[in-house]
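Asks: Have a look at this one before I ask anything.
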Amino acid sequence: MNIQVYGSAARAGVAAAQVLAAQIIKDPFSVLGLATGSTPLPAYEALVELNKAGIIDFKTIRTFNLDEYVGISRTHEQSYHSFMHTHLFSKVNIDPQNTQLPYPSSDDPEEDCRAYDAAIDDAGGIDLQILGIGHNGHIAFNEPSDLFTYGTHIVELSKSTIEANKRFFDSADDVPQKAITMGIGTIMKAREIVLIATGQDKAQAVASMILGEIDPQCPASALLLHPQVTIFLDEDAASLLQ
Ligand code: GLP
């Protein structure tokens with residue numbers, strides 16, 4: 001695990017974006033795994049700028065997002081579909097047909113989950129996966145649990161996640177209680193992983209991930225077993241690592 005600490009959240013985001021940009025330049029047919037949340041926004045802004053400057057081209061890039069709420073429509077302003085459209089897809093020259101997010105749209109959600117994993121496999125697997133981290137050590141929507149999850153699945157969101165995400169909704173009661181998410185196994189199959197964590201409120205989760213045991217109660221700790229992970233931190237998020 002390679003750990004890099006930057007002087008600000010913006011600089012950590014730009015550094016992570018440079019890894020994504022290098023992947024896009026190296027392989028114009030790359031498959032990227034994308035994340036939502038406020039943490040990757042500086043990285044997405046940097047990618048938009050690099051695209052505008054003609055340095056990176058999204059024309060043949062394919063993307064799979066980590067997760068989506070269950071119980072709100074794709075067009076809901078807080079859906080992750082809307083988030084990705086607003087912050088990245090509408091601002092770069094990506095083909096909308098090449099962007100996928102999980103969504104349980106049939107009357108067999110388990111089949112929808114299997115189909116999402118199959119679509120990732122059919123695309124050749126994820127070359128580079130970007131991640132944030134939740135306060136309780138969750139990645140995507142894989143909440144602390146007794147076992148690491150494998151494939152894409154439906155989850156009940158924890159109280160702490162609903163509490164953290166209520167800032168985007170009118171109240172905690174309006175936050176969906178379920179989500180569809182890639183499993184830890186899906187994430188671990190990515191050939192390379194970049195995790196960004198910024199802010200003092202992420203310091204404990206970062207310390208548990210890096211300094212603790214590999215434990216499904218801290219889902220991000222599974223990344224200690226991945227051969228190609230880089231963690232981009234600002235000084236606040238790194239503050240408990242000494
Ligand atoms: C949500 C997302 C995660 C994200 C986390 C942290 O739970 N499902 O992918 O990492 O929030 O979000 P933020 O970056 O806003 O702190």
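Every chain in the structure tokens takes a letter, A first, then B, and so on in the order presented; its residues are numbered from 1, and the ligands are numbered from 1 following the presented order.
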Ligand 1: which residues are within 10 Å, counting only C-alpha atoms and all ligand atoms? Reply as a ChimeraX atom specification.
Replies: /A:34-41,65-69,80,130-143,157-158,160-162,164-165,167-168,179-181,195-199,201-202
Asks: Pick out each residue of segment 30-226 of chain A that DSSP on the backbone tags as alpha helix (DSSP H); I need them as a VMD selection string.
Replies: chain A and resid 41 to 52 80 to 84 109 to 122 159 to 165 184 to 188 203 to 211
Asks: Emit the selected residues as a CSV table (one decimal), in the first residue's frame, including C-alpha atoms.
Replies:
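In the end it all went to again33.csv:
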```csv
chain,number,residue,atom,x,y,z
A,41,LEU,CA,-14.9,16.2,-6.5
A,42,PRO,CA,-11.5,17.9,-6.7
A,43,ALA,CA,-10.2,14.9,-8.7
A,44,TYR,CA,-13.2,15.1,-11.1
A,45,GLU,CA,-12.7,18.9,-11.5
A,46,ALA,CA,-9.1,18.2,-12.4
A,47,LEU,CA,-10.1,15.6,-15.0
A,48,VAL,CA,-12.6,18.0,-16.6
A,49,GLU,CA,-9.8,20.6,-16.9
A,50,LEU,CA,-7.4,18.0,-18.5
A,51,ASN,CA,-10.2,17.0,-20.9
A,52,LYS,CA,-10.9,20.6,-21.9
A,80,TYR,CA,-25.7,8.9,-7.9
A,81,HIS,CA,-26.8,8.8,-11.6
A,82,SER,CA,-27.5,12.5,-11.2
A,83,PHE,CA,-24.3,13.1,-9.3
A,84,MET,CA,-22.1,11.6,-12.0
A,109,PRO,CA,-32.8,-7.4,-7.8
A,110,GLU,CA,-30.4,-10.3,-7.2
A,111,GLU,CA,-30.3,-11.0,-11.0
A,112,ASP,CA,-29.6,-7.3,-11.5
A,113,CYS,CA,-26.6,-7.5,-9.1
A,114,ARG,CA,-25.3,-10.6,-10.9
A,115,ALA,CA,-25.7,-8.9,-14.3
A,116,TYR,CA,-23.7,-5.8,-13.1
A,117,ASP,CA,-20.8,-8.0,-12.1
A,118,ALA,CA,-21.1,-9.9,-15.4
A,119,ALA,CA,-21.0,-6.6,-17.3
A,120,ILE,CA,-17.8,-5.6,-15.5
A,121,ASP,CA,-16.2,-9.0,-16.3
A,122,ASP,CA,-17.4,-8.7,-20.0
A,159,LYS,CA,-27.3,4.6,11.0
A,160,SER,CA,-23.9,6.3,10.7
A,161,THR,CA,-24.0,6.3,6.9
A,162,ILE,CA,-27.5,7.7,6.9
A,163,GLU,CA,-26.4,10.4,9.4
A,164,ALA,CA,-23.4,11.3,7.3
A,165,ASN,CA,-25.4,11.5,4.0
A,184,ILE,CA,-15.5,-6.0,-1.6
A,185,GLY,CA,-14.7,-8.9,-3.9
A,186,THR,CA,-15.8,-6.8,-7.0
A,187,ILE,CA,-13.6,-3.9,-5.8
A,188,MET,CA,-10.6,-6.1,-5.0
A,203,ALA,CA,-8.7,10.4,10.3
A,204,GLN,CA,-10.0,7.5,12.5
A,205,ALA,CA,-11.3,5.5,9.5
A,206,VAL,CA,-8.0,6.0,7.7
A,207,ALA,CA,-6.0,4.9,10.8
A,208,SER,CA,-8.3,1.8,11.3
A,209,MET,CA,-7.8,0.9,7.6
A,210,ILE,CA,-4.0,1.2,7.6
A,211,LEU,CA,-3.0,0.4,11.1
```
Asks: Among segment 2-124 of chain A, which ones does DSSP place in strand (DSSP E or B), written as a PyMOL selection string?
Replies: chain A and resi 2-6+31-34+62-65+67-70+99-100
Asks: Just the selected residues (C-alpha atoms), exported as an mmCIF file, in the first residue's frame, please.
Replies:
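Once everything was written out, this is part33.cif:
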```
data_model
loop_
_atom_site.group_PDB
_atom_site.id
_atom_site.type_symbol
_atom_site.label_atom_id
_atom_site.label_comp_id
_atom_site.auth_asym_id
_atom_site.auth_seq_id
_atom_site.Cartn_x
_atom_site.Cartn_y
_atom_site.Cartn_z
ATOM 1 C CA ASN A 2 1.478 3.313 -1.093
ATOM 2 C CA ILE A 3 0.432 6.283 1.095
ATOM 3 C CA GLN A 4 0.802 9.873 -0.080
ATOM 4 C CA VAL A 5 0.019 12.911 2.095
ATOM 5 C CA TYR A 6 -0.684 16.345 0.585
ATOM 6 C CA VAL A 31 -12.323 0.636 -17.803
ATOM 7 C CA LEU A 32 -12.564 2.980 -14.818
ATOM 8 C CA GLY A 33 -14.400 2.311 -11.560
ATOM 9 C CA LEU A 34 -15.893 5.567 -10.294
ATOM 10 C CA ARG A 62 -15.821 2.911 -20.154
ATOM 11 C CA THR A 63 -16.915 3.432 -16.558
ATOM 12 C CA PHE A 64 -18.701 1.467 -13.843
ATOM 13 C CA ASN A 65 -19.812 3.219 -10.684
ATOM 14 C CA ASP A 67 -23.066 2.103 -5.983
ATOM 15 C CA GLU A 68 -26.492 3.740 -6.028
ATOM 16 C CA TYR A 69 -29.317 4.317 -3.590
ATOM 17 C CA VAL A 70 -32.306 1.980 -3.804
ATOM 18 C CA THR A 99 -21.137 4.724 -18.454
ATOM 19 C CA GLN A 100 -22.855 2.291 -16.122
#
```
Asks: As an exercise, work out the distance from atom CA of His226 of chain A to atom CA of Gln129 of chain A in Å and give it to one decimal place.
Replies: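 These two atoms are separated by 11.9 Å.
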Asks: Restricting the calculation to only C-alpha atoms, which member of A:Leu101, A:Ile56, A:Ile24, A:Met1 is positioned closest to Thr230 of chain A?
Replies: A:Met1
Asks: In Å to one decimal, how far is atom CA of Asp170 of chain A from atom CA of Gln78 of chain A?
Replies: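 Separation of atom CA of Gln78 of chain A and atom CA of Asp170 of chain A: 10.8 Å.
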Asks: To one decimal place in Å, what is the distance between atom CA of Pro28 of chain A and atom CA of Phe58 of chain A?
Replies: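 Atom-to-atom, atom CA of Pro28 of chain A to atom CA of Phe58 of chain A, that is 7.4 Å.
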Asks: Which of these, A:Ser73, A:Asn93, A:Gln200, A:Ile214, has the shortest distance to Glu235 of chain A once you count only C-alpha atoms?
Replies: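 Among the listed residues, A:Gln200 lies closest to Glu235 of chain A.
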